[in-house]
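Everything below concerns the one structure shown next.
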Amino acid sequence: MQDTRIYDYMIRSGIVECSYAGSEISVPVSIGITPRLKHGELAAHCVLSAENGGLRVRLLLDNDTGLPVTITSISLETTIHLPSGSSFFCNGYQSWSSSGMVTLDKGLRSPGILCPRIFRNSGDYSFVKYSKKAAHSWTYSYFDSPIGYTLISSLDESLTFTKIDFSPGVHQDGVKVNISKDCEGLILGPVSRISGIHQEPIKVLDVFMTTGNENDCWDRFFSLFYSLKKDEGIYNRSKPALVWDSSYAMLDRMDEMNLTAIAREYARSSIPLDYFIIGNGYEKAFGDWTETVEEFTPGMKRIADNIKATGSKPGITFSPFICSSSSHLYNERREILLKDARGKPVSAGYDRRLGGQLYVIDIYNPEGERYIKRCIKTFIDDWGMQIIRADMLYAAAMSGGRSHGRTRAQAMAHGLEILRRSAGNVPVIACAVPLGSAFGIVEHCSVAPDLSPNWNGSTDLRCRESLRERESTRNAVISAISRRHLDLRAFSSDIGSFTLRRYRGRLAVKEQLSLFKTCNIFSSFFTGSDSLGAYNASMLELYLSAVSSRPIRRGDRSSVEISNHDEGLKVRYNLHGTQLEETLELVKNLHIF
């Protein structure tokens with residue numbers, strides 16, 4: 001039966017700001033009525049409909065001007081009556097972005113100019129105005145209300161990204177919720193009026209709102225999402241996997257001998273690894289992905305064949321949309337780099353470890369697209385890789401924006417389309433990507449910032465409380481738990497590679513166990529990075545126990561319940577029909593800061 005309580009949150013007002021024929025105009029949004037087509041006008045209509053146990057909100061734009069229209073902003077507003085001090089989930093711009101609960105008395109802060117550019121450029125700081133008394137969330141948000149868990153989530157991120165802002169209401173009356181779109185670069189053509197042919201208005205916003213049990217809310221959303229997207233070839237591709245990844249284990253010691261030895265070690269121990277992934281370090285320079293360093297002179301195909309012989313599927317890591325200033329690609333093929341309005345290559349930041357200055361590849365340049373396709377073809381056809389980890393994908397969105405005549409969402413969708421089409425049936429792990437763009441596109445996806453060698457990361461204190469894209473194991477744990485609902489619905493969630501081995505100056509035992517438990521409970525893409533020989537007896541028993549009881553299909557793990565306690569976060573969940581409980585001692589709540 002339809003729960004009509006959701007209509008308490010019905011949209012109250014809206015506005016579309018745009019320009020055409022040299023004029024700037026504001027179009028009020030008609031709420032909850034059938035669109036009326038009038039010749040010579042630009043009309044915006046918010047259509048509300050009860051669907052799938054919730055409220056679907058669509059904003060339709062009827063451009064009957066006969067001219068292209070540049071959209072500068074789209075927003076819908078309502079006020080929700082919530083108790084003082086309520087928390088809201090704020091989903092970061094991309095999967096690196098720390099995400100969790102935020103209260104309006106603290107809000108979100110933008111990092112200073114001294115913070116590392118590699119992280120600043122990967123977030124939303126250059127195009128979002130931050131406020132200490134407000135918070136914003138990308139694609140979706142949730143919060144507890146007097147009538148239960150409430151979810152607001154976009155059903156379509158292919159045209160523009162959806163941003164949900166929370167701020168104090170007028171005279172502290174409730175919380176003002178603004179659902180807006182990232183419209184930079186959005187240009188819409190007129191709706192055709194060919195005689196005798198019915199043309200639908202252009203849909204520029206599509207959001208689903210529902211309340212109730214947390215799992216029920218997410219099941220309703222994804223059921224509706226996939227039913228609307230089935231004709232686009234978007235479906236739930238997720239599948240649990242047991243993985244070994246060299247990214248956090250070997251660093252400068254990666255070569256054919258070490259990789260083969262570890263793959264055989266796991267096989268001798270009868271650990272059924274699904275994938276064995278070779279991380280960064282094999283390439284001559286960041287961007288020259290098909291040229292290997294001296295340690296891999298025998299060839300990547302031979303290494304892949306050695307891995308296959310142990311029963312695992314080999315995988316490779318690369319960043320398809322970025323290259324460094326030290327790469328052959330940058331120095332010899334600059335014509336395929338993205339340029340700014342002055343014709344200079346667009347920088348994605350600086351990272352000494354990756355080769356210096358980083359630049360973005362123009363995915364709309366045919367040669368740039370061919371370069372990406374050639375890399376993937378080499379990985380799959382020549383080297384024999386059977387899974388691809390694609391990192392730093394947010395760079396594709398940098399091909400969007402006002403100066404490029406397309407939105408960041410459109411550019412991101414185009415980049416993922418290139419990746420998906422080139423990989424074919426080979427599974428893809430998406431990393432550092434706006435999450436809404438990846439729903440139903442990839443099999444696996446990271447849901448947390450990169451892990452740091454210590455618990456909270458080593459970023460300068462001036463940036464630690466505001467730079468959400470920085471490396472931090474603590475932030476990764478909180479983000480993964482806060483995004484738990486995506487696992488096996490949108491994709492298989494990848495938190496990162498845990499480690500249980502002991503080594504100096506790194507994670508303490510409690511910190512290692514907190515990360516391990518988080519990966520075990522909240523991630524179906526369960527990834528380790530250790531040599532089994534580095535484990536003592538208790539650590540080996542812990543790992544083997546997790547491997548033997550891990551989910552192997554959807555439904556094996558369900559009904560995750562979270563509660564705050566003084567001793568730490570209590571997690572109750574069902575695994576293979578048995579109810580289990582764990583305590584994460586180092587995590588007292590899911591607030592970002």
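Letters A, B, ... mark the chains of the structure tokens in the order given; residue numbers begin at 1 per chain; ligand numbers begin at 1, in order shown.
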
For range 446-459 of chain A, list every protein, DNA or RNA residue within 9 Å, evaluated using only C-alpha atoms, and leave out those in the same chain fewer than 4 positions away; present the list as a PyMOL selection string.
chain A and resi 94-99+115-116+248+429-433+435+463-464+467-480+483-484+486+492-498+505-508+511-512

Write out as a ChimeraX atom specification each polymer residue whose atoms come within 12 Å of Asn306 in chain A, counting only C-alpha atoms; drop sequence neighbours fewer than 5 positions from it.
/A:256-264,267,276,298-301,311-314,383-385

Members of range 75-284 of chain A assigned strand (DSSP E or B) by DSSP, as a PyMOL selection string:
chain A and resi 75-80+87-90+100-103+135-138+140-145+148-154+162-168+175-181+187-188+202-212+241-245+275-278+283

Take CA of Asp64 in chain A and CA of Ile187 in chain A and report the distance between them in Å, one decimal.
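Straight-line distance from CA of Asp64 in chain A to CA of Ile187 in chain A works out to 14.3 Å.
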
Smallest atom-to-atom distance to Phe221 in chain A: which of A:Gly54, A:Pro272, A:Gly528, A:Pro68, using only C-alpha atoms?
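Result for the nearest residue to Phe221 in chain A: A:Gly54.
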
At a cut-off of 10 Å, using only C-alpha atoms, what residues contact Glu51 in chain A? Leave out same-chain residues fewer than 6 positions from it and give the result as JSON, numbers by chain.
{"A": [2, 57, 208, 209, 210, 220, 221, 224]}

Based on DSSP run over this structure's backbone, return all residues of range 113-239 of chain A in helix (DSSP H, G or I), as a ChimeraX atom specification.
/A:117-120,170-172,214-232

Nearest to Asp216 in chain A by atom-to-atom distance, counting only C-alpha atoms, from A:Gly355, A:Gly148, A:Pro168, A:Gly343
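Closest to Asp216 in chain A of all the choices is A:Gly148.
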
List as a short mmCIF file (atom, residue, chain, number, x, y, z; two decimals) with N, CA, C and O atoms, in the first residue's frame the protein and nucleic acid residues near Pro427 in chain A, meaning an atom at most 10 Å away when only C-alpha atoms are counted, but skip any in the same chain fewer than 5 places from it.
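Final output, saved to result-v4.cif:
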data_model
loop_
_atom_site.label_atom_id
_atom_site.label_comp_id
_atom_site.auth_asym_id
_atom_site.auth_seq_id
_atom_site.Cartn_x
_atom_site.Cartn_y
_atom_site.Cartn_z
N ARG A 237 25.25 -5.31 -12.21
CA ARG A 237 26.33 -6.20 -12.64
C ARG A 237 27.13 -6.76 -11.46
O ARG A 237 28.08 -7.52 -11.65
N SER A 238 26.79 -6.38 -10.25
CA SER A 238 27.63 -6.68 -9.09
C SER A 238 27.69 -8.17 -8.77
O SER A 238 26.75 -8.92 -9.01
N GLY A 315 44.59 -9.26 -13.20
CA GLY A 315 44.03 -7.93 -13.48
C GLY A 315 45.13 -6.89 -13.51
O GLY A 315 46.26 -7.12 -13.08
N GLN A 386 42.08 -10.16 -17.15
CA GLN A 386 40.67 -10.54 -17.08
C GLN A 386 39.84 -9.67 -16.15
O GLN A 386 38.67 -9.93 -15.93
N ILE A 387 40.46 -8.62 -15.63
CA ILE A 387 39.73 -7.58 -14.90
C ILE A 387 40.58 -6.32 -14.95
O ILE A 387 41.81 -6.39 -15.00
N ILE A 388 39.92 -5.15 -15.00
CA ILE A 388 40.63 -3.88 -15.13
C ILE A 388 40.21 -2.94 -14.00
O ILE A 388 39.02 -2.71 -13.79
N ARG A 389 41.24 -2.45 -13.28
CA ARG A 389 40.98 -1.41 -12.28
C ARG A 389 41.30 -0.06 -12.92
O ARG A 389 42.44 0.21 -13.28
N ARG A 420 33.50 1.26 -20.69
CA ARG A 420 32.63 0.09 -20.70
C ARG A 420 32.63 -0.60 -22.07
O ARG A 420 32.73 -1.83 -22.17
N VAL A 442 29.43 -0.39 -13.99
CA VAL A 442 30.60 -1.22 -13.68
C VAL A 442 30.21 -2.32 -12.70
O VAL A 442 29.21 -2.23 -11.99
N GLU A 443 31.03 -3.36 -12.67
CA GLU A 443 30.78 -4.49 -11.77
C GLU A 443 31.19 -4.17 -10.33
O GLU A 443 30.54 -4.60 -9.38
N HIS A 444 32.28 -3.41 -10.19
CA HIS A 444 32.84 -3.12 -8.87
C HIS A 444 33.23 -1.64 -8.83
O HIS A 444 33.56 -1.05 -9.85
#
